[in-house]
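Trainee: upload_36.json is reproduced below (JSON, C-alpha atoms and all ligand atoms).
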[["chain", "number", "residue", "atom", "x", "y", "z"],
["A", 1, "MET", "CA", -14.17, -0.55, -30.93],
["A", 2, "LYS", "CA", -15.96, 2.76, -31.38],
["A", 3, "VAL", "CA", -15.34, 5.62, -28.94],
["A", 4, "ILE", "CA", -18.47, 7.72, -28.44],
["A", 5, "LYS", "CA", -18.83, 11.01, -26.62],
["A", 6, "SER", "CA", -22.38, 12.13, -27.28],
["A", 7, "ALA", "CA", -25.62, 10.49, -26.15],
["A", 8, "THR", "CA", -27.19, 11.17, -29.58],
["A", 9, "GLU", "CA", -24.39, 9.30, -31.32],
["A", 10, "LEU", "CA", -24.72, 6.55, -28.72],
["A", 11, "SER", "CA", -28.46, 6.14, -29.31],
["A", 12, "ARG", "CA", -27.75, 5.64, -33.04],
["A", 13, "ALA", "CA", -25.02, 3.08, -32.35],
["A", 14, "LEU", "CA", -26.95, 0.90, -29.89],
["A", 15, "ILE", "CA", -27.47, -2.64, -31.14],
["A", 16, "GLN", "CA", -29.44, -4.85, -28.75],
["A", 17, "PRO", "CA", -29.00, -7.10, -26.86],
["A", 18, "ILE", "CA", -26.32, -5.18, -25.00],
["A", 19, "ALA", "CA", -24.04, -6.28, -22.19],
["A", 20, "PHE", "CA", -22.93, -3.21, -20.26],
["A", 21, "VAL", "CA", -19.91, -2.59, -18.03],
["A", 22, "PRO", "CA", -20.04, 0.79, -16.24],
["A", 23, "THR", "CA", -16.65, 2.08, -15.03],
["A", 24, "MET", "CA", -14.94, 5.21, -13.79],
["A", 25, "GLY", "CA", -11.93, 4.54, -16.02],
["A", 26, "ALA", "CA", -8.37, 3.76, -14.90],
["A", 27, "LEU", "CA", -9.11, 0.32, -16.28],
["A", 28, "HIS", "CA", -7.10, -2.72, -15.20],
["A", 29, "VAL", "CA", -7.20, -6.51, -15.57],
["A", 30, "GLY", "CA", -10.17, -6.69, -13.19],
["A", 31, "HIS", "CA", -12.26, -4.47, -15.50],
["A", 32, "GLN", "CA", -11.07, -6.51, -18.47],
["A", 33, "SER", "CA", -12.41, -9.66, -16.82],
["A", 34, "LEU", "CA", -15.83, -7.94, -16.49],
["A", 35, "ILE", "CA", -15.69, -6.94, -20.18],
["A", 36, "LYS", "CA", -14.79, -10.52, -21.13],
["A", 37, "ARG", "CA", -17.72, -11.78, -19.03],
["A", 38, "ALA", "CA", -19.93, -9.30, -20.91],
["A", 39, "ARG", "CA", -18.60, -10.60, -24.22],
["A", 40, "GLU", "CA", -19.55, -14.14, -23.19],
["A", 41, "VAL", "CA", -23.21, -13.14, -23.08],
["A", 42, "SER", "CA", -23.38, -10.66, -26.00],
["A", 43, "GLU", "CA", -21.51, -9.50, -29.08],
["A", 44, "ASN", "CA", -22.50, -5.92, -28.23],
["A", 45, "VAL", "CA", -20.50, -4.79, -25.25],
["A", 46, "ILE", "CA", -20.63, -1.19, -24.06],
["A", 47, "VAL", "CA", -18.16, 0.14, -21.52],
["A", 48, "SER", "CA", -18.87, 3.56, -20.03],
["A", 49, "VAL", "CA", -16.14, 5.70, -18.54],
["A", 50, "TYR", "CA", -17.49, 8.42, -16.27],
["A", 51, "VAL", "CA", -15.96, 9.63, -13.02],
["A", 52, "ASN", "CA", -19.14, 10.25, -11.10],
["A", 53, "PRO", "CA", -18.85, 13.34, -8.85],
["A", 54, "LEU", "CA", -22.03, 12.36, -6.95],
["A", 55, "GLN", "CA", -20.36, 9.37, -5.29],
["A", 56, "PHE", "CA", -17.31, 11.19, -3.89],
["A", 57, "GLU", "CA", -17.48, 12.58, -0.40],
["A", 58, "ASN", "CA", -15.03, 15.37, -1.06],
["A", 59, "GLN", "CA", -13.49, 17.27, -3.95],
["A", 60, "GLU", "CA", -9.95, 16.17, -3.07],
["A", 61, "ASP", "CA", -10.83, 12.48, -3.45],
["A", 62, "LEU", "CA", -12.58, 13.24, -6.76],
["A", 63, "ASN", "CA", -9.64, 15.28, -8.06],
["A", 64, "SER", "CA", -7.13, 12.60, -7.17],
["A", 65, "TYR", "CA", -9.09, 9.77, -8.80],
["A", 66, "PRO", "CA", -6.70, 8.18, -11.33],
["A", 67, "SER", "CA", -7.29, 8.71, -15.04],
["A", 68, "SER", "CA", -5.72, 6.96, -18.05],
["A", 69, "PRO", "CA", -7.89, 7.60, -21.13],
["A", 70, "GLU", "CA", -5.58, 6.07, -23.75],
["A", 71, "ILE", "CA", -4.88, 2.94, -21.73],
["A", 72, "ASP", "CA", -8.64, 2.61, -21.06],
["A", 73, "GLU", "CA", -9.30, 2.49, -24.80],
["A", 74, "GLU", "CA", -6.58, -0.10, -25.38],
["A", 75, "LEU", "CA", -7.66, -2.34, -22.52],
["A", 76, "ALA", "CA", -11.38, -2.10, -23.30],
["A", 77, "ALA", "CA", -10.80, -2.93, -26.99],
["A", 78, "ALA", "CA", -8.44, -5.80, -26.17],
["A", 79, "ALA", "CA", -11.01, -7.32, -23.80],
["A", 80, "GLY", "CA", -13.74, -7.23, -26.46],
["A", 81, "ALA", "CA", -15.72, -4.00, -25.91],
["A", 82, "THR", "CA", -17.49, -2.80, -29.04],
["A", 83, "ILE", "CA", -18.31, 0.71, -27.78],
["A", 84, "LEU", "CA", -16.58, 2.87, -25.21],
["A", 85, "TRP", "CA", -18.88, 5.69, -24.14],
["A", 86, "ARG", "CA", -17.66, 8.80, -22.30],
["A", 87, "PRO", "CA", -20.88, 10.50, -21.22],
["A", 88, "ASN", "CA", -21.03, 14.03, -19.93],
["A", 89, "GLN", "CA", -23.20, 15.23, -17.08],
["A", 90, "SER", "CA", -25.74, 17.28, -19.06],
["A", 91, "GLU", "CA", -26.46, 14.37, -21.39],
["A", 92, "LEU", "CA", -26.69, 11.89, -18.56],
["A", 93, "TYR", "CA", -29.30, 13.99, -16.78],
["A", 94, "PRO", "CA", -31.13, 15.95, -19.52],
["A", 95, "ASN", "CA", -33.96, 16.81, -17.09],
["A", 96, "GLY", "CA", -31.70, 17.52, -14.11],
["A", 97, "ILE", "CA", -30.55, 15.10, -11.44],
["A", 98, "THR", "CA", -33.21, 13.13, -9.55],
["A", 99, "LYS", "CA", -31.43, 11.37, -6.70],
["A", 100, "ILE", "CA", -32.10, 7.67, -6.12],
["A", 101, "SER", "CA", -32.03, 6.71, -2.45],
["A", 102, "ALA", "CA", -29.97, 3.70, -1.40],
["A", 103, "GLY", "CA", -32.03, 3.28, 1.82],
["A", 104, "GLY", "CA", -30.81, 1.67, 5.04],
["A", 105, "VAL", "CA", -28.10, -0.62, 3.59],
["A", 106, "GLY", "CA", -26.84, 2.44, 1.73],
["A", 107, "ALA", "CA", -26.03, 4.15, 5.03],
["A", 108, "ILE", "CA", -23.77, 1.50, 6.62],
["A", 109, "TYR", "CA", -20.18, 0.33, 5.91],
["A", 110, "GLU", "CA", -19.19, 2.04, 2.63],
["A", 111, "GLY", "CA", -22.28, 4.21, 3.09],
["A", 112, "ASN", "CA", -20.56, 6.00, 5.96],
["A", 113, "ARG", "CA", -19.33, 8.29, 3.21],
["A", 114, "ALA", "CA", -22.33, 10.61, 3.11],
["A", 115, "GLY", "CA", -24.37, 10.21, -0.08],
["A", 116, "HIS", "CA", -21.95, 7.73, -1.65],
["A", 117, "PHE", "CA", -24.45, 5.03, -2.60],
["A", 118, "ASP", "CA", -27.21, 7.49, -3.50],
["A", 119, "GLY", "CA", -24.63, 8.89, -5.93],
["A", 120, "VAL", "CA", -23.73, 5.45, -7.31],
["A", 121, "LEU", "CA", -27.40, 4.45, -7.79],
["A", 122, "THR", "CA", -28.27, 7.80, -9.37],
["A", 123, "VAL", "CA", -25.57, 7.51, -12.02],
["A", 124, "VAL", "CA", -26.18, 3.80, -12.69],
["A", 125, "HIS", "CA", -29.89, 4.57, -13.09],
["A", 126, "ALA", "CA", -29.03, 7.30, -15.63],
["A", 127, "LEU", "CA", -26.60, 5.00, -17.48],
["A", 128, "PHE", "CA", -29.15, 2.15, -17.57],
["A", 129, "SER", "CA", -31.83, 4.57, -18.85],
["A", 130, "ASN", "CA", -29.60, 5.58, -21.78],
["A", 131, "ILE", "CA", -28.36, 2.12, -22.70],
["A", 132, "LYS", "CA", -31.22, -0.19, -21.67],
["A", 133, "PRO", "CA", -28.88, -3.17, -21.55],
["A", 134, "THR", "CA", -30.01, -6.77, -21.24],
["A", 135, "TRP", "CA", -27.07, -7.52, -18.92],
["A", 136, "ALA", "CA", -24.98, -5.29, -16.67],
["A", 137, "ILE", "CA", -21.80, -6.57, -15.05],
["A", 138, "PHE", "CA", -20.27, -5.38, -11.77],
["A", 139, "GLY", "CA", -17.31, -6.60, -9.73],
["A", 140, "GLU", "CA", -17.74, -8.58, -6.51],
["A", 141, "LYS", "CA", -15.01, -6.54, -4.89],
["A", 142, "ASP", "CA", -17.55, -3.74, -4.40],
["A", 143, "LEU", "CA", -19.96, -6.14, -2.75],
["A", 144, "GLN", "CA", -22.24, -3.59, -1.12],
["A", 145, "GLN", "CA", -22.46, -1.66, -4.40],
["A", 146, "LEU", "CA", -23.38, -4.88, -6.22],
["A", 147, "PHE", "CA", -26.05, -5.63, -3.61],
["A", 148, "LEU", "CA", -27.59, -2.15, -3.87],
["A", 149, "ILE", "CA", -27.47, -2.04, -7.67],
["A", 150, "ARG", "CA", -29.24, -5.41, -7.81],
["A", 151, "LYS", "CA", -31.95, -4.01, -5.53],
["A", 152, "MET", "CA", -32.27, -0.78, -7.55],
["A", 153, "ALA", "CA", -32.37, -2.70, -10.85],
["A", 154, "SER", "CA", -35.07, -5.08, -9.60],
["A", 155, "GLU", "CA", -37.21, -2.06, -8.73],
["A", 156, "PHE", "CA", -36.62, 0.21, -11.75],
["A", 157, "PHE", "CA", -35.26, -2.09, -14.49],
["A", 158, "PRO", "CA", -36.59, -5.60, -13.79],
["A", 159, "ALA", "CA", -35.62, -6.77, -17.30],
["A", 160, "ILE", "CA", -31.90, -6.09, -16.74],
["A", 161, "LYS", "CA", -29.90, -9.09, -15.54],
["A", 162, "VAL", "CA", -27.20, -7.92, -13.13],
["A", 163, "LEU", "CA", -24.21, -10.28, -13.30],
["A", 164, "SER", "CA", -21.19, -10.30, -11.01],
["A", 165, "GLY", "CA", -17.51, -10.80, -11.81],
["A", 166, "GLU", "CA", -15.05, -12.37, -9.39],
["A", 167, "THR", "CA", -12.41, -10.24, -7.69],
["A", 168, "PHE", "CA", -9.07, -10.28, -9.48],
["A", 169, "ARG", "CA", -6.01, -10.38, -7.25],
["A", 170, "GLU", "CA", -2.31, -9.83, -7.63],
["A", 171, "SER", "CA", -0.23, -12.90, -6.76],
["A", 172, "SER", "CA", 0.21, -11.34, -3.29],
["A", 173, "GLY", "CA", -3.57, -11.53, -2.80],
["A", 174, "LEU", "CA", -4.10, -7.75, -3.09],
["A", 175, "ALA", "CA", -7.43, -7.15, -4.83],
["A", 176, "LEU", "CA", -7.07, -5.16, -8.04],
["A", 177, "SER", "CA", -8.42, -1.63, -7.78],
["A", 178, "SER", "CA", -7.92, 1.57, -9.75],
["A", 179, "ARG", "CA", -6.82, 3.20, -6.49],
["A", 180, "ASN", "CA", -3.88, 0.76, -6.20],
["A", 181, "SER", "CA", -2.00, 2.93, -8.69],
["A", 182, "ARG", "CA", -1.62, 5.40, -5.80],
["A", 183, "LEU", "CA", 0.07, 2.80, -3.54],
["A", 184, "SER", "CA", 3.88, 2.70, -3.44],
["A", 185, "ALA", "CA", 5.55, -0.72, -3.69],
["A", 186, "GLU", "CA", 6.06, -0.63, 0.08],
["A", 187, "ASN", "CA", 2.42, 0.28, 0.74],
["A", 188, "LYS", "CA", 1.25, -2.44, -1.64],
["A", 189, "ASN", "CA", 3.16, -4.87, 0.49],
["A", 190, "TYR", "CA", 1.46, -3.58, 3.68],
["A", 191, "ALA", "CA", -1.91, -3.70, 1.89],
["A", 192, "THR", "CA", -1.72, -7.49, 1.55],
["A", 193, "ILE", "CA", -2.74, -7.59, 5.23],
["A", 194, "VAL", "CA", -6.35, -7.27, 4.07],
["A", 195, "PHE", "CA", -6.25, -10.49, 2.03],
["A", 196, "ARG", "CA", -4.32, -12.30, 4.76],
["A", 197, "SER", "CA", -6.93, -11.23, 7.32],
["A", 198, "LEU", "CA", -9.77, -12.50, 5.12],
["A", 199, "GLN", "CA", -7.97, -15.83, 4.79],
["A", 200, "ALA", "CA", -7.42, -15.95, 8.54],
["A", 201, "ALA", "CA", -11.17, -15.51, 9.03],
["A", 202, "GLN", "CA", -11.95, -18.13, 6.41],
["A", 203, "SER", "CA", -9.91, -20.76, 8.22],
["A", 204, "GLN", "CA", -12.16, -20.50, 11.30],
["A", 205, "PRO", "CA", -15.26, -22.58, 12.04],
["A", 206, "ALA", "CA", -17.52, -20.01, 13.75],
["A", 207, "ILE", "CA", -18.29, -16.29, 13.53],
["A", 208, "ALA", "CA", -16.67, -15.23, 16.83],
["A", 209, "GLU", "CA", -13.37, -16.90, 15.84],
["A", 210, "MET", "CA", -13.56, -15.56, 12.29],
["A", 211, "LYS", "CA", -13.89, -12.05, 13.61],
["A", 212, "ARG", "CA", -11.22, -12.49, 16.27],
["A", 213, "GLU", "CA", -8.65, -13.84, 13.79],
["A", 214, "MET", "CA", -9.50, -11.23, 11.19],
["A", 215, "LEU", "CA", -9.07, -8.36, 13.64],
["A", 216, "ALA", "CA", -5.91, -9.82, 15.21],
["A", 217, "THR", "CA", -4.32, -10.15, 11.76],
["A", 218, "LEU", "CA", -5.33, -6.63, 10.75],
["A", 219, "ARG", "CA", -3.92, -5.21, 13.98],
["A", 220, "SER", "CA", -0.59, -6.92, 13.30],
["A", 221, "GLU", "CA", 0.06, -4.40, 10.50],
["A", 222, "PRO", "CA", 0.72, -0.96, 12.04],
["A", 223, "SER", "CA", 0.39, 0.83, 8.66],
["A", 224, "PHE", "CA", -3.23, -0.29, 8.33],
["A", 225, "THR", "CA", -5.97, 1.93, 9.79],
["A", 226, "LEU", "CA", -9.20, -0.02, 10.28],
["A", 227, "ASP", "CA", -12.57, 1.35, 9.25],
["A", 228, "TYR", "CA", -14.61, -1.85, 9.68],
["A", 229, "ALA", "CA", -14.24, -5.62, 9.64],
["A", 230, "GLU", "CA", -17.38, -7.73, 9.97],
["A", 231, "ILE", "CA", -18.94, -11.05, 9.06],
["A", 232, "ILE", "CA", -22.19, -10.39, 7.23],
["A", 233, "ASP", "CA", -24.89, -12.35, 5.46],
["A", 234, "ASP", "CA", -24.39, -11.21, 1.89],
["A", 235, "THR", "CA", -28.04, -11.79, 0.94],
["A", 236, "THR", "CA", -29.19, -9.06, 3.38],
["A", 237, "PHE", "CA", -26.06, -7.21, 4.55],
["A", 238, "ASP", "CA", -27.17, -7.92, 8.15],
["A", 239, "LEU", "CA", -24.54, -9.27, 10.55],
["A", 240, "ALA", "CA", -24.27, -13.02, 9.93],
["A", 241, "VAL", "CA", -25.51, -15.57, 12.45],
["A", 242, "GLU", "CA", -24.18, -19.15, 12.57],
["A", 243, "GLU", "CA", -27.15, -20.34, 10.51],
["A", 244, "SER", "CA", -26.46, -17.82, 7.70],
["A", 245, "ARG", "CA", -25.62, -19.76, 4.57],
["A", 246, "ASN", "CA", -23.91, -16.87, 2.78],
["A", 247, "LYS", "CA", -21.41, -15.54, 5.30],
["A", 248, "ARG", "CA", -18.87, -13.03, 4.01],
["A", 249, "ALA", "CA", -16.08, -11.22, 5.71],
["A", 250, "ILE", "CA", -15.92, -7.58, 4.67],
["A", 251, "ILE", "CA", -13.01, -5.26, 5.45],
["A", 252, "ALA", "CA", -12.29, -1.59, 4.80],
["A", 253, "GLY", "CA", -9.51, 0.68, 5.95],
["A", 254, "TRP", "CA", -6.62, 2.81, 4.81],
["A", 255, "ILE", "CA", -2.93, 2.46, 4.12],
["A", 256, "ASN", "CA", -1.27, 5.84, 4.08],
["A", 257, "GLY", "CA", -4.61, 7.58, 3.42],
["A", 258, "ILE", "CA", -5.52, 5.28, 0.51],
["A", 259, "ARG", "CA", -8.73, 3.40, 0.99],
["A", 260, "LEU", "CA", -8.81, -0.38, 0.58],
["A", 261, "ILE", "CA", -11.88, -2.60, 0.61],
["A", 262, "ASP", "CA", -12.19, -6.33, 0.10],
["A", 263, "ASN", "CA", -14.39, -9.29, 0.98],
["A", 264, "MET", "CA", -14.35, -13.07, 0.94],
["A", 265, "ALA", "CA", -16.96, -15.80, 1.18],
["A", 266, "MET", "CA", -16.54, -17.77, 4.43],
["A", 267, "GLN", "CA", -17.10, -21.26, 3.08],
["A", 268, "ASN", "CA", -13.86, -22.58, 4.53],
["A", 269, "ILE", "CA", -12.58, -23.25, 1.05],
["A", 270, "ARG", "CA", -9.83, -21.30, -0.63],
["A", 271, "SER", "CA", -11.22, -18.18, -2.21],
["A", 272, "ALA", "CA", -12.31, -18.64, -5.79],
["A", 273, "SER", "CA", -10.98, -15.17, -6.59],
["A", 274, "LYS", "CA", -8.77, -15.04, -9.63],
["A", 275, "VAL", "CA", -5.10, -14.22, -9.43],
["A", 276, "ALA", "CA", -4.14, -11.87, -12.21],
["A", 277, "ALA", "CA", -1.12, -12.67, -14.32],
["A", 278, "ILE", "CA", 0.69, -9.48, -13.39],
["B", 301, "LIG", "O1", -17.68, 0.72, -9.48],
["B", 301, "LIG", "C1", -17.53, 1.78, -10.11],
["B", 301, "LIG", "O2", -16.56, 1.98, -10.84],
["B", 301, "LIG", "C2", -18.57, 2.89, -9.94],
["B", 301, "LIG", "O3", -19.07, 2.93, -8.66],
["B", 301, "LIG", "C3", -19.71, 2.80, -10.98],
["B", 301, "LIG", "C4", -20.53, 1.54, -10.80],
["B", 301, "LIG", "C5", -19.15, 2.84, -12.39],
["B", 301, "LIG", "C6", -20.66, 3.99, -10.81],
["B", 301, "LIG", "O4", -20.00, 5.20, -10.97]]
For the structure just supplied, provide its representation as structure tokens.

Mentor:
Amino acid sequence: MKVIKSATELSRALIQPIAFVPTMGALHVGHQSLIKRAREVSENVIVSVYVNPLQFENQEDLNSYPSSPEIDEELAAAAGATILWRPNQSELYPNGITKISAGGVGAIYEGNRAGHFDGVLTVVHALFSNIKPTWAIFGEKDLQQLFLIRKMASEFFPAIKVLSGETFRESSGLALSSRNSRLSAENKNYATIVFRSLQAAQSQPAIAEMKREMLATLRSEPSFTLDYAEIIDDTTFDLAVEESRNKRAIIAGWINGIRLIDNMAMQNIRSASKVAAI
């Protein structure tokens, strides 16, 4: 695997067709599964590592974002990446930053963090413009991000196929996230309430019961502070109605100031999410 820092070097190293996995580093097994998925569709797999300041609401959150450059290189190479690119801001936006708007869906749920999704779409647009991949792979854990990137790509990069990777979970059910490295063992234990609440919703036949069980389970854990818990139609991000064929429970909140998000399809079958061997 080649590690590249400059966009000029990158442009010389690009071999199409490319499968691309954008990341903010602090890689874990979940990212590796996305890289492996990329490797299934192409021999040329580029992973970018760029902590995007535009998507953070405040400086403190940006400063405390975990970073593990050496481990990133090891994990990316082991999963089959051929290039790891660490862009810098001036190369990403040679003509200055033109913000991409995430629209209405960008302002709800995770979009309550002002400018978050505009920031995500702006950087992904810049990354896509540099790499021009044939495939780009994103995790289902960030469901709203995946939805908005698909929409942005269909408008600006219709040739790019946006693929999704299943959520990886610890054996406790906790969804893997770079931010988990900031959870103590005790807090990790409390954090499993999110998965248990999604399962509680999934065991119910109708939306009102799904929501009731999900909220009751979440409220049973005093360490968890709720941001939102809803049943949505994941093809539109509107609230689901009984007829919706793609109902998903989405949850966000905090344990000890650390943000957790997760989601689960409500097909009354056990979640297909993978359990990581960790
Ligand atoms: O999901 C992430 O890690 C980031 O939001 C992304 C897509 C790399 C954009 O910065």

Trainee: Do a neighbour search on Ala77 (chain A) at 9 Å with all atoms listed in the file, toss out local chain neighbours closer than 6 positions, and write the hits as a list in words.

Mentor: Met1, Lys2, Ile83 and Leu84 of chain A

Trainee: State, in Å with one decimal place, the distance from CA of Arg248 (chain A) to CA of Asn187 (chain A).

Mentor: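 Going from CA of Arg248 (chain A) over to CA of Asn187 (chain A) covers 25.3 Å.
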
Trainee: Please identify all protein, DNA and RNA residues within 10 Å of ligand LIG 301 (chain B), counting only C-alpha atoms and all ligand atoms, and report them as a PyMOL selection string.

Mentor: chain A and resi 21-27+31+47-56+116-117+119-125+127+137-143+145-146+149+177-178

Trainee: Work out how far apart CA of Met264 (chain A) and CA of Ala249 (chain A) are and give it in Å to one decimal.

Mentor: 5.4 Å

Trainee: Tell me which of A:Leu92, A:Ala201, A:Ile207, A:Ile251 sits closest to Ser6 (chain A), counting all atoms listed in the file.

Mentor: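 Among the listed residues, the smallest separation from Ser6 (chain A) belongs to A:Leu92.
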
Trainee: Which one of A:Pro133, A:Phe168, A:His28, A:Gly106 sits closest to Glu73 (chain A) if you count only C-alpha atoms?

Mentor: A:His28

Trainee: For CA of Ala206 (chain A) and CA of Leu218 (chain A), determine how far apart the two atoms are, in Å to one decimal place.

Mentor: 18.3 Å

Trainee: Counting all atoms listed in the file, which of A:Ala114, A:Ala191, A:Ile35, A:Ser181 gets nearest to Ser68 (chain A)?

Mentor: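 Nearest candidate to Ser68 (chain A) out of A:Ala114, A:Ala191, A:Ile35, A:Ser181: A:Ser181.
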
Trainee: Tell me which of A:Trp135, A:Phe195, A:Phe128, A:Phe237 sits closest to Ala107 (chain A), counting all atoms listed in the file.

Mentor: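 Checking each candidate against Ala107 (chain A), we get A:Phe237 as the closest.
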
Trainee: Measuring atom to atom with all atoms listed in the file, identify which of A:Ser197, A:Ser67, A:Thr134, A:Ser172 is nearest to Ala185 (chain A).

Mentor: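 For Ala185 (chain A), the nearest of the given residues is A:Ser172.
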
Trainee: Taking 2 positions as the minimum chain separation for residues in the same chain, which residues sit within 12 Å of Val241 (chain A) when counting only C-alpha atoms? Answer as a list of chain:residue names.

Mentor: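 Surrounding residues, per the criterion: A:Ala206, A:Ile207, A:Ala208, A:Met210, A:Glu230, A:Ile231, A:Ile232, A:Asp233, A:Asp234, A:Thr236, A:Phe237, A:Asp238, A:Leu239, A:Glu243, A:Ser244, A:Arg245, A:Asn246, A:Lys247, A:Arg248.
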
Trainee: With distances taken over all atoms listed in the file, which residue among A:Leu260, A:Ile160, A:Arg169, A:Ser223 lies nearest Val194 (chain A)?

Mentor: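 When distances to Val194 (chain A) are compared using all atoms listed in the file, the smallest one comes from A:Leu260.
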
Trainee: Taking (-8.6, 1.7, 6.9) as a centre in this file's frame and 6 Å as the limit, can you find every polymer residue with an atom that close, using all atoms listed in the file, and give them as a compact mmCIF listing (two decimals) with C-alpha atoms, in the frame of the given file?

Mentor:
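And here's selection09.txt as it stands now:
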# COMPACT_ATOMS: atom_id res chain seq x y z
CA PHE A 224 -3.23 -0.29 8.33
CA THR A 225 -5.97 1.93 9.79
CA LEU A 226 -9.20 -0.02 10.28
CA ASP A 227 -12.57 1.35 9.25
CA ALA A 252 -12.29 -1.59 4.80
CA GLY A 253 -9.51 0.68 5.95
CA TRP A 254 -6.62 2.81 4.81

Trainee: Counting all atoms listed in the file, what is within 8 Å of Arg37 (chain A), bar same-chain residues fewer than 4 positions away, as an NGL selection string?

Mentor: :A and (33 or 41 or 137 or 165)

Trainee: How would region 100-106 of chain A look written as a PDB file, in the first residue's frame with all heavy atoms?

Mentor:
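Writing done, so here's selection14.pdb:
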ATOM      1  N   ILE A 100     -21.618  22.814  -0.354  1.00  0.00           N
ATOM      2  CA  ILE A 100     -22.728  22.069  -0.951  1.00  0.00           C
ATOM      3  C   ILE A 100     -23.831  22.009   0.105  1.00  0.00           C
ATOM      4  O   ILE A 100     -23.550  21.649   1.261  1.00  0.00           O
ATOM      5  CB  ILE A 100     -22.293  20.617  -1.298  1.00  0.00           C
ATOM      6  CG1 ILE A 100     -21.025  20.583  -2.155  1.00  0.00           C
ATOM      7  CG2 ILE A 100     -23.438  19.847  -1.950  1.00  0.00           C
ATOM      8  CD1 ILE A 100     -21.177  20.987  -3.586  1.00  0.00           C
ATOM      9  N   SER A 101     -25.049  22.349  -0.288  1.00  0.00           N
ATOM     10  CA  SER A 101     -26.137  22.344   0.694  1.00  0.00           C
ATOM     11  C   SER A 101     -26.785  20.965   0.789  1.00  0.00           C
ATOM     12  O   SER A 101     -27.071  20.328  -0.225  1.00  0.00           O
ATOM     13  CB  SER A 101     -27.194  23.378   0.296  1.00  0.00           C
ATOM     14  OG  SER A 101     -28.361  23.145   1.070  1.00  0.00           O
ATOM     15  N   ALA A 102     -27.028  20.552   2.025  1.00  0.00           N
ATOM     16  CA  ALA A 102     -27.657  19.241   2.259  1.00  0.00           C
ATOM     17  C   ALA A 102     -29.186  19.348   2.274  1.00  0.00           C
ATOM     18  O   ALA A 102     -29.865  18.328   2.443  1.00  0.00           O
ATOM     19  CB  ALA A 102     -27.142  18.646   3.564  1.00  0.00           C
ATOM     20  N   GLY A 103     -29.738  20.543   2.126  1.00  0.00           N
ATOM     21  CA  GLY A 103     -31.193  20.714   2.015  1.00  0.00           C
ATOM     22  C   GLY A 103     -31.945  20.335   3.281  1.00  0.00           C
ATOM     23  O   GLY A 103     -31.364  20.271   4.381  1.00  0.00           O
ATOM     24  N   GLY A 104     -33.232  20.050   3.124  1.00  0.00           N
ATOM     25  CA  GLY A 104     -34.131  19.812   4.264  1.00  0.00           C
ATOM     26  C   GLY A 104     -33.716  18.624   5.124  1.00  0.00           C
ATOM     27  O   GLY A 104     -33.659  18.729   6.359  1.00  0.00           O
ATOM     28  N   VAL A 105     -33.418  17.480   4.498  1.00  0.00           N
ATOM     29  CA  VAL A 105     -33.052  16.294   5.299  1.00  0.00           C
ATOM     30  C   VAL A 105     -31.725  16.559   6.027  1.00  0.00           C
ATOM     31  O   VAL A 105     -31.448  15.974   7.070  1.00  0.00           O
ATOM     32  CB  VAL A 105     -32.980  15.016   4.416  1.00  0.00           C
ATOM     33  CG1 VAL A 105     -32.488  13.813   5.199  1.00  0.00           C
ATOM     34  CG2 VAL A 105     -34.356  14.706   3.820  1.00  0.00           C
ATOM     35  N   GLY A 106     -30.949  17.484   5.496  1.00  0.00           N
ATOM     36  CA  GLY A 106     -29.679  17.824   6.141  1.00  0.00           C
ATOM     37  C   GLY A 106     -29.849  18.659   7.401  1.00  0.00           C
ATOM     38  O   GLY A 106     -28.871  18.897   8.124  1.00  0.00           O
TER      39      GLY A 106
END
